[in-house]
Amino acid sequence: MNKWMPKLVVLAVTTQFSPVFAEYEELPTLTVEGEVMEPGTTALQPGTVSSLDAADLLKRVPGANVHRNGPLTGIAYFRGLYNDPVNVLTDGMNLKNAGPNSMDSRMSYIPVTMIRTVKTWRGVTPVSTGLETMGGSVITESRKVDFTGSDQFEIHGFGAGGYSWVNSGRYGAVLAGVANQHYRVHFSGTTERGDDYRYKGDTVLTPTEYARDTYQVALGINRGGHEFGVTYDNKHTGFSGTPSLPMDIRYVDADVVHGDYGWDIGSIGKVKFNGWYQSSRHVMTNYHLRQPPGNPAQFRYMKTSVEAGGYKFAWILPEIANGELEIGFDGDVAAHDAIVKNPNNQAFFVEAFNDVRRNRYGAYVEWRGEPMEKLHLLAGVRYRHTYMNAGRVDSLPARKLKGPRILRDRFNNADRKQRQNDVDVALDLRYSVSDSLDLTLGLARKTQAPTYQQRYLWLPIEATGGLADGRVYMGNVNLDSQKAYEVVAGFDLHLNQLWALHDVYFEPRGFYRYINDYIQGVAVTDKVARAVANKLLPNGCPNGPSTGADCVLQYANIDAQIYGADAQAGFSVGDHWRVDGLLNYTRGERISGPDDNLYRIAPLNGRLKVTYSFWDFAFSTEYVGALRQNKVAKYNNERKTSDWSILNVRLQYQPSYKYVNGLKVAFGVDNIFDNEYADHLNGINRTRGNKLAVGQRVRNPGRNVYATLSYEF
């Protein structure tokens, strides 16, 4: 075990600091596990916060944030990159969005109450963590019943419930199972419901209601150094609003089967394998949850589906040059379909995506160890082949109108079969100057192949992976892979005592990414595309005064740079007080063509939490805020945002008495002064009938009083 391996794993959403720092050790990752408001934490356990979207946990991670398009539609963001470039793994699976606007975002597959851990890297992300990791990796693991240490079967379980006033939100969760050292089996289930939430002055924002149910069954066997596991997951999302997008969720049904195998071969190392299969179906509409269009011809519903699967094989060899060597092979395949219909006109249809394939196959080699005293090194290289293809498309407009017909025929006659071969390299160093100070440096070349929307969007519509800028886009079959050259540097300082302060830590990081062939929308000059946009958008942009032609952007490769810094710090005072905080700054710029800023980049933001703990109680007050963002993207008419701040308070009781020491009761108030504010990463309102005008940024919830209860045994 290296010098910096953490010992504390009982805290949740924690930076993994032991309460006693004399033997402090740390892994170069940040782990979000559960919670308790005790010294060393930087946020709360998922079960004691008001949000049910697992993506919101990322707001407690330095450098991370959330693109918010709806109550259950949080898209992972890390240091200026978001959605597909951020590799999100759920129990080892890179699950796919069924919706082309990421309504069923990858962070939504595990409800917060059923999350055991969330892990991300603040330095260079190892190539072993995923096929594409240009924007980092977020690895979530769900709760389960573990093997025990004896032949006796033991019963274990977990239950939780809660209520939020701001949206009459309520949830319940349960997990129950039995296990011994050879066998384990469990069942878990959750149910969540909420109405439209309110902001300043009890103003209701529609549509922000939600409904989601999940259940899971799992079986594991551990015999003779061999460990097998199989899990079945089902997620059903009912009527749920997405005010930043042109439609809302009617339903999402997702079935996932996951199997894994591990073999400890002793001195030869360990072999690990996992495989998974996913089938998801999704329907969205623009007339169930929001005010329907005035014109019956503008009613829309969209049916989408994805069939996907993947695998990973890894062989870990110990004692290779004072470290361990990992050799792996992995891959996944996905098939997407999406068709737009009108319930008032059975003849109307648009095949947005037909039999779209995006398959990835990879191999990597990674070594980690200590090549010399006090120096820890991680070095890896990965090769990835990406194969993409799409079927022929059609639509009613293309059959009747010349412009859409030309676009259809161009697409169908194009060479839609595309292949990309990419190489990633990662190097991360950590040098121990002393027992209290480590220096870190990371260098990497990371790549990201185009998404299927960026490549195969043949008609100007808003199926853009949750971009939510109010414009319409066209794909580009000939896009190249993005190539990012990254540097991350910083240090970790940990002190047992500094004057009157104890357990002091300070962990800053600076980063720079130069991205060659960065993919974003650029103005369309093609006369046919502009004419089609004017025909399809006679009233101009969905979110602004521009003409239909000005609304259209086409994905293209440009050059860009993203740079900034983030830090976390904390200390304790006496036996009862603790202060923790984090600060993030990111800047994104286009550096080829016209000068411009990148879209949806978070401004300077941070949070500061003060915790007072006594006996079995912990009281916390948390200040959260962001400065105004005026470095916005002209290319998609991005709106500026003002600075904002809110104050949250929380009280938790966790009894230490026998038989009830697994109980946690929490009460909190978020946004205690009911401030009206909009996070810059929120999408733009698309719904009529609100006090919030179409084109304004969606407001965050107002004052929210909530209570939660959980028990684990």
# chains A, B, ... in the order shown; residues from 1 in each chain; ligands from 1
call {"tool": "residues_around", "arguments": {"residues": "region 380-396 of chain A", "least_positions_apart": "4", "cutoff": "9 Å", "atoms": "only C-alpha atoms", "output": "PDB file with N, CA and C atoms, in the first residue's frame"}}
result
ATOM      1  N   PRO A 126      -6.570   8.097 -14.871  1.00  0.00           N
ATOM      2  CA  PRO A 126      -5.915   6.901 -15.443  1.00  0.00           C
ATOM      3  C   PRO A 126      -6.653   6.391 -16.673  1.00  0.00           C
ATOM      4  N   VAL A 127      -5.915   5.889 -17.640  1.00  0.00           N
ATOM      5  CA  VAL A 127      -6.530   5.358 -18.858  1.00  0.00           C
ATOM      6  C   VAL A 127      -7.315   4.090 -18.573  1.00  0.00           C
ATOM      7  N   SER A 128      -7.029   3.424 -17.459  1.00  0.00           N
ATOM      8  CA  SER A 128      -7.729   2.189 -17.122  1.00  0.00           C
ATOM      9  C   SER A 128      -9.178   2.424 -16.723  1.00  0.00           C
ATOM     10  N   LEU A 131     -12.935   4.028 -21.679  1.00  0.00           N
ATOM     11  CA  LEU A 131     -12.537   4.096 -23.079  1.00  0.00           C
ATOM     12  C   LEU A 131     -12.261   5.522 -23.528  1.00  0.00           C
ATOM     13  N   GLU A 132     -13.019   6.488 -23.014  1.00  0.00           N
ATOM     14  CA  GLU A 132     -12.822   7.898 -23.340  1.00  0.00           C
ATOM     15  C   GLU A 132     -12.897   8.696 -22.044  1.00  0.00           C
ATOM     16  N   GLY A 331     -14.537  -2.696 -24.315  1.00  0.00           N
ATOM     17  CA  GLY A 331     -15.294  -2.196 -25.452  1.00  0.00           C
ATOM     18  C   GLY A 331     -16.765  -2.105 -25.134  1.00  0.00           C
ATOM     19  N   ALA A 347     -49.836  10.915 -40.226  1.00  0.00           N
ATOM     20  CA  ALA A 347     -48.937  10.817 -41.384  1.00  0.00           C
ATOM     21  C   ALA A 347     -47.595  11.495 -41.124  1.00  0.00           C
ATOM     22  N   PHE A 348     -47.552  12.405 -40.139  1.00  0.00           N
ATOM     23  CA  PHE A 348     -46.322  13.157 -39.896  1.00  0.00           C
ATOM     24  C   PHE A 348     -45.278  12.280 -39.209  1.00  0.00           C
ATOM     25  N   PHE A 349     -44.025  12.368 -39.658  1.00  0.00           N
ATOM     26  CA  PHE A 349     -42.927  11.669 -38.991  1.00  0.00           C
ATOM     27  C   PHE A 349     -41.607  12.273 -39.429  1.00  0.00           C
ATOM     28  N   VAL A 350     -40.628  12.200 -38.540  1.00  0.00           N
ATOM     29  CA  VAL A 350     -39.250  12.563 -38.854  1.00  0.00           C
ATOM     30  C   VAL A 350     -38.353  11.506 -38.221  1.00  0.00           C
ATOM     31  N   GLU A 351     -37.619  10.782 -39.040  1.00  0.00           N
ATOM     32  CA  GLU A 351     -36.625   9.850 -38.514  1.00  0.00           C
ATOM     33  C   GLU A 351     -35.378  10.648 -38.146  1.00  0.00           C
ATOM     34  N   ALA A 352     -35.323  11.051 -36.879  1.00  0.00           N
ATOM     35  CA  ALA A 352     -34.173  11.853 -36.441  1.00  0.00           C
ATOM     36  C   ALA A 352     -32.894  11.030 -36.478  1.00  0.00           C
ATOM     37  N   PHE A 353     -32.960   9.798 -35.976  1.00  0.00           N
ATOM     38  CA  PHE A 353     -31.828   8.866 -36.019  1.00  0.00           C
ATOM     39  C   PHE A 353     -32.384   7.482 -36.319  1.00  0.00           C
ATOM     40  N   ASN A 354     -31.782   6.810 -37.271  1.00  0.00           N
ATOM     41  CA  ASN A 354     -32.237   5.483 -37.659  1.00  0.00           C
ATOM     42  C   ASN A 354     -31.069   4.508 -37.639  1.00  0.00           C
ATOM     43  N   ASP A 355     -31.160   3.529 -36.770  1.00  0.00           N
ATOM     44  CA  ASP A 355     -30.144   2.471 -36.689  1.00  0.00           C
ATOM     45  C   ASP A 355     -28.731   3.056 -36.622  1.00  0.00           C
ATOM     46  N   VAL A 356     -28.552   4.001 -35.710  1.00  0.00           N
ATOM     47  CA  VAL A 356     -27.242   4.627 -35.534  1.00  0.00           C
ATOM     48  C   VAL A 356     -26.379   3.747 -34.648  1.00  0.00           C
ATOM     49  N   ARG A 357     -25.178   3.460 -35.073  1.00  0.00           N
ATOM     50  CA  ARG A 357     -24.252   2.621 -34.327  1.00  0.00           C
ATOM     51  C   ARG A 357     -23.045   3.441 -33.865  1.00  0.00           C
ATOM     52  N   ARG A 358     -22.670   3.230 -32.609  1.00  0.00           N
ATOM     53  CA  ARG A 358     -21.411   3.794 -32.099  1.00  0.00           C
ATOM     54  C   ARG A 358     -20.750   2.718 -31.249  1.00  0.00           C
ATOM     55  N   ASN A 359     -19.745   2.073 -31.817  1.00  0.00           N
ATOM     56  CA  ASN A 359     -19.064   0.962 -31.170  1.00  0.00           C
ATOM     57  C   ASN A 359     -17.619   1.344 -30.869  1.00  0.00           C
ATOM     58  N   ARG A 360     -17.151   0.971 -29.687  1.00  0.00           N
ATOM     59  CA  ARG A 360     -15.780   1.305 -29.275  1.00  0.00           C
ATOM     60  C   ARG A 360     -15.067   0.034 -28.828  1.00  0.00           C
ATOM     61  N   TYR A 361     -13.798  -0.089 -29.212  1.00  0.00           N
ATOM     62  CA  TYR A 361     -12.983  -1.244 -28.839  1.00  0.00           C
ATOM     63  C   TYR A 361     -11.617  -0.722 -28.407  1.00  0.00           C
ATOM     64  N   GLY A 362     -11.151  -1.154 -27.248  1.00  0.00           N
ATOM     65  CA  GLY A 362      -9.919  -0.590 -26.726  1.00  0.00           C
ATOM     66  C   GLY A 362      -9.012  -1.604 -26.071  1.00  0.00           C
ATOM     67  N   ALA A 363      -7.755  -1.198 -25.882  1.00  0.00           N
ATOM     68  CA  ALA A 363      -6.758  -1.976 -25.149  1.00  0.00           C
ATOM     69  C   ALA A 363      -5.831  -0.986 -24.456  1.00  0.00           C
ATOM     70  N   TYR A 364      -5.363  -1.343 -23.274  1.00  0.00           N
ATOM     71  CA  TYR A 364      -4.505  -0.420 -22.535  1.00  0.00           C
ATOM     72  C   TYR A 364      -3.481  -1.184 -21.702  1.00  0.00           C
ATOM     73  N   VAL A 365      -2.429  -0.461 -21.343  1.00  0.00           N
ATOM     74  CA  VAL A 365      -1.411  -0.948 -20.414  1.00  0.00           C
ATOM     75  C   VAL A 365      -1.152   0.183 -19.419  1.00  0.00           C
ATOM     76  N   GLU A 366      -1.152  -0.165 -18.144  1.00  0.00           N
ATOM     77  CA  GLU A 366      -0.970   0.865 -17.112  1.00  0.00           C
ATOM     78  C   GLU A 366      -0.114   0.313 -15.973  1.00  0.00           C
ATOM     79  N   TRP A 367       0.858   1.110 -15.552  1.00  0.00           N
ATOM     80  CA  TRP A 367       1.733   0.718 -14.432  1.00  0.00           C
ATOM     81  C   TRP A 367       1.649   1.773 -13.353  1.00  0.00           C
ATOM     82  N   ARG A 368       1.582   1.316 -12.104  1.00  0.00           N
ATOM     83  CA  ARG A 368       1.618   2.242 -10.982  1.00  0.00           C
ATOM     84  C   ARG A 368       2.496   1.672  -9.881  1.00  0.00           C
ATOM     85  N   LYS A 400     -42.411  16.071 -49.065  1.00  0.00           N
ATOM     86  CA  LYS A 400     -43.268  17.108 -49.637  1.00  0.00           C
ATOM     87  C   LYS A 400     -42.538  18.390 -50.001  1.00  0.00           C
ATOM     88  N   LEU A 401     -41.401  18.662 -49.304  1.00  0.00           N
ATOM     89  CA  LEU A 401     -40.728  19.943 -49.481  1.00  0.00           C
ATOM     90  C   LEU A 401     -39.338  19.741 -50.067  1.00  0.00           C
ATOM     91  N   PRO A 404     -36.000  20.076 -47.242  1.00  0.00           N
ATOM     92  CA  PRO A 404     -35.753  18.877 -46.450  1.00  0.00           C
ATOM     93  C   PRO A 404     -35.393  17.665 -47.298  1.00  0.00           C
ATOM     94  N   ARG A 405     -35.960  17.578 -48.512  1.00  0.00           N
ATOM     95  CA  ARG A 405     -35.634  16.445 -49.386  1.00  0.00           C
ATOM     96  C   ARG A 405     -34.163  16.496 -49.792  1.00  0.00           C
ATOM     97  N   ARG A 408     -32.123  15.399 -46.809  1.00  0.00           N
ATOM     98  CA  ARG A 408     -32.257  13.943 -46.641  1.00  0.00           C
ATOM     99  C   ARG A 408     -31.400  13.191 -47.640  1.00  0.00           C
ATOM    100  N   ASP A 409     -31.480  13.580 -48.888  1.00  0.00           N
ATOM    101  CA  ASP A 409     -30.744  12.859 -49.925  1.00  0.00           C
ATOM    102  C   ASP A 409     -29.238  13.043 -49.759  1.00  0.00           C
ATOM    103  N   PHE A 411     -27.701  13.351 -46.941  1.00  0.00           N
ATOM    104  CA  PHE A 411     -27.299  12.472 -45.844  1.00  0.00           C
ATOM    105  C   PHE A 411     -27.290  11.020 -46.292  1.00  0.00           C
ATOM    106  N   ASN A 412     -28.344  10.596 -46.964  1.00  0.00           N
ATOM    107  CA  ASN A 412     -28.438   9.190 -47.369  1.00  0.00           C
ATOM    108  C   ASN A 412     -27.364   8.810 -48.382  1.00  0.00           C
ATOM    109  N   ASN A 413     -26.893   9.756 -49.167  1.00  0.00           N
ATOM    110  CA  ASN A 413     -25.858   9.469 -50.164  1.00  0.00           C
ATOM    111  C   ASN A 413     -24.444   9.660 -49.632  1.00  0.00           C
ATOM    112  N   ASP A 415     -21.090   9.104 -47.135  1.00  0.00           N
ATOM    113  CA  ASP A 415     -20.401   7.948 -46.575  1.00  0.00           C
ATOM    114  C   ASP A 415     -20.582   7.997 -45.059  1.00  0.00           C
ATOM    115  N   ARG A 416     -21.632   7.368 -44.569  1.00  0.00           N
ATOM    116  CA  ARG A 416     -21.981   7.456 -43.147  1.00  0.00           C
ATOM    117  C   ARG A 416     -21.133   6.538 -42.276  1.00  0.00           C
ATOM    118  N   LYS A 417     -20.468   5.603 -42.876  1.00  0.00           N
ATOM    119  CA  LYS A 417     -19.616   4.677 -42.118  1.00  0.00           C
ATOM    120  C   LYS A 417     -18.280   5.364 -41.834  1.00  0.00           C
ATOM    121  N   GLN A 418     -17.998   5.578 -40.541  1.00  0.00           N
ATOM    122  CA  GLN A 418     -16.807   6.313 -40.133  1.00  0.00           C
ATOM    123  C   GLN A 418     -16.026   5.512 -39.096  1.00  0.00           C
ATOM    124  N   ARG A 419     -14.705   5.599 -39.170  1.00  0.00           N
ATOM    125  CA  ARG A 419     -13.828   4.905 -38.222  1.00  0.00           C
ATOM    126  C   ARG A 419     -12.779   5.880 -37.698  1.00  0.00           C
ATOM    127  N   GLN A 420     -12.514   5.793 -36.407  1.00  0.00           N
ATOM    128  CA  GLN A 420     -11.496   6.639 -35.786  1.00  0.00           C
ATOM    129  C   GLN A 420     -10.546   5.751 -34.987  1.00  0.00           C
ATOM    130  N   ASN A 421      -9.270   6.022 -35.102  1.00  0.00           N
ATOM    131  CA  ASN A 421      -8.250   5.329 -34.320  1.00  0.00           C
ATOM    132  C   ASN A 421      -7.519   6.363 -33.470  1.00  0.00           C
ATOM    133  N   ASP A 422      -7.589   6.217 -32.150  1.00  0.00           N
ATOM    134  CA  ASP A 422      -7.053   7.229 -31.243  1.00  0.00           C
ATOM    135  C   ASP A 422      -6.174   6.590 -30.176  1.00  0.00           C
ATOM    136  N   VAL A 423      -5.221   7.379 -29.690  1.00  0.00           N
ATOM    137  CA  VAL A 423      -4.299   6.935 -28.644  1.00  0.00           C
ATOM    138  C   VAL A 423      -4.337   7.944 -27.499  1.00  0.00           C
ATOM    139  N   ASP A 424      -4.507   7.443 -26.281  1.00  0.00           N
ATOM    140  CA  ASP A 424      -4.459   8.259 -25.071  1.00  0.00           C
ATOM    141  C   ASP A 424      -3.212   7.899 -24.274  1.00  0.00           C
ATOM    142  N   VAL A 425      -2.632   8.901 -23.635  1.00  0.00           N
ATOM    143  CA  VAL A 425      -1.460   8.696 -22.775  1.00  0.00           C
ATOM    144  C   VAL A 425      -1.683   9.484 -21.488  1.00  0.00           C
ATOM    145  N   ALA A 426      -1.358   8.889 -20.343  1.00  0.00           N
ATOM    146  CA  ALA A 426      -1.510   9.568 -19.057  1.00  0.00           C
ATOM    147  C   ALA A 426      -0.291   9.305 -18.193  1.00  0.00           C
ATOM    148  N   LEU A 427       0.201  10.359 -17.556  1.00  0.00           N
ATOM    149  CA  LEU A 427       1.346  10.269 -16.657  1.00  0.00           C
ATOM    150  C   LEU A 427       1.043  11.126 -15.434  1.00  0.00           C
ATOM    151  N   ALA A 449     -13.993  10.770 -29.529  1.00  0.00           N
ATOM    152  CA  ALA A 449     -14.611  10.688 -30.852  1.00  0.00           C
ATOM    153  C   ALA A 449     -15.947  11.432 -30.835  1.00  0.00           C
ATOM    154  N   TYR A 452     -22.927  10.528 -31.536  1.00  0.00           N
ATOM    155  CA  TYR A 452     -23.765  10.209 -32.696  1.00  0.00           C
ATOM    156  C   TYR A 452     -24.629  11.417 -33.093  1.00  0.00           C
ATOM    157  N   ARG A 455     -22.487  13.780 -35.247  1.00  0.00           N
ATOM    158  CA  ARG A 455     -22.164  13.266 -36.578  1.00  0.00           C
ATOM    159  C   ARG A 455     -23.399  13.072 -37.463  1.00  0.00           C
ATOM    160  N   TYR A 456     -24.525  12.650 -36.906  1.00  0.00           N
ATOM    161  CA  TYR A 456     -25.627  12.172 -37.741  1.00  0.00           C
ATOM    162  C   TYR A 456     -26.927  12.973 -37.621  1.00  0.00           C
ATOM    163  N   TRP A 458     -29.183  15.113 -39.194  1.00  0.00           N
ATOM    164  CA  TRP A 458     -29.263  15.497 -40.610  1.00  0.00           C
ATOM    165  C   TRP A 458     -30.223  16.654 -40.871  1.00  0.00           C
TER     166      TRP A 458
END
call {"tool": "select_by_dssp", "arguments": {"residues": "region 421-621 of chain A", "states": "strand (DSSP E or B)", "output": "JSON, numbers by chain"}}
result
{"A": [421, 422, 423, 424, 425, 426, 427, 428, 429, 430, 431, 432, 437, 438, 439, 440, 441, 442, 443, 444, 445, 446, 447, 448, 461, 472, 473, 474, 482, 483, 484, 485, 486, 487, 488, 489, 490, 491, 492, 493, 494, 495, 496, 497, 498, 501, 502, 503, 504, 505, 506, 507, 508, 509, 510, 511, 512, 513, 514, 515, 516, 517, 518, 519, 520, 521, 522, 523, 552, 553, 554, 555, 556, 557, 558, 559, 560, 561, 562, 563, 564, 565, 566, 567, 568, 569, 570, 571, 572, 573, 577, 578, 579, 580, 581, 582, 583, 584, 585, 586, 587, 588, 589, 590, 596, 597, 605, 606, 607, 608, 609, 610, 611, 612, 613, 614, 617, 618, 619, 620, 621]}
call {"tool": "residues_around", "arguments": {"residues": "Pro450 (chain A)", "least_positions_apart": "3", "cutoff": "7 Å", "atoms": "only C-alpha atoms", "output": "list in words"}}
result
Gln454, Arg455, Leu479 and Ser481 of chain A
call {"tool": "closest_residue", "arguments": {"among": "A:Asp566, A:Glu373, A:Asp559, A:Glu319", "to": "Asp517 (chain A)", "atoms": "only C-alpha atoms"}}
result
A:Asp559
call {"tool": "residues_around", "arguments": {"residues": "Thr611 (chain A)", "least_positions_apart": "3", "cutoff": "6 Å", "atoms": "only C-alpha atoms", "output": "mmCIF file with N, CA and C atoms, in the first residue's frame"}}
result
data_model
loop_
_atom_site.group_PDB
_atom_site.id
_atom_site.type_symbol
_atom_site.label_atom_id
_atom_site.label_comp_id
_atom_site.auth_asym_id
_atom_site.auth_seq_id
_atom_site.Cartn_x
_atom_site.Cartn_y
_atom_site.Cartn_z
ATOM 1 N N TRP A 577 -15.533 22.083 16.632
ATOM 2 C CA TRP A 577 -15.738 22.925 15.457
ATOM 3 C C TRP A 577 -14.904 22.448 14.275
ATOM 4 N N ARG A 578 -15.483 22.550 13.092
ATOM 5 C CA ARG A 578 -14.807 22.152 11.866
ATOM 6 C C ARG A 578 -15.190 23.117 10.753
ATOM 7 N N PHE A 619 -24.405 20.130 13.821
ATOM 8 C CA PHE A 619 -25.102 21.249 13.202
ATOM 9 C C PHE A 619 -24.157 21.902 12.205
ATOM 10 N N SER A 620 -24.660 22.172 11.014
ATOM 11 C CA SER A 620 -23.823 22.728 9.959
ATOM 12 C C SER A 620 -24.515 23.912 9.311
#
call {"tool": "atom_distance", "arguments": {"atom1": "CA of Ile515 (chain A)", "atom2": "CA of Thr464 (chain A)"}}
result
20.4 Å
call {"tool": "residues_around", "arguments": {"residues": "Gly702 (chain A)", "least_positions_apart": "5", "cutoff": "10 Å", "atoms": "only C-alpha atoms", "output": "MDAnalysis selection string"}}
result
chainID A and resid 166:167 197:204 646 670:677
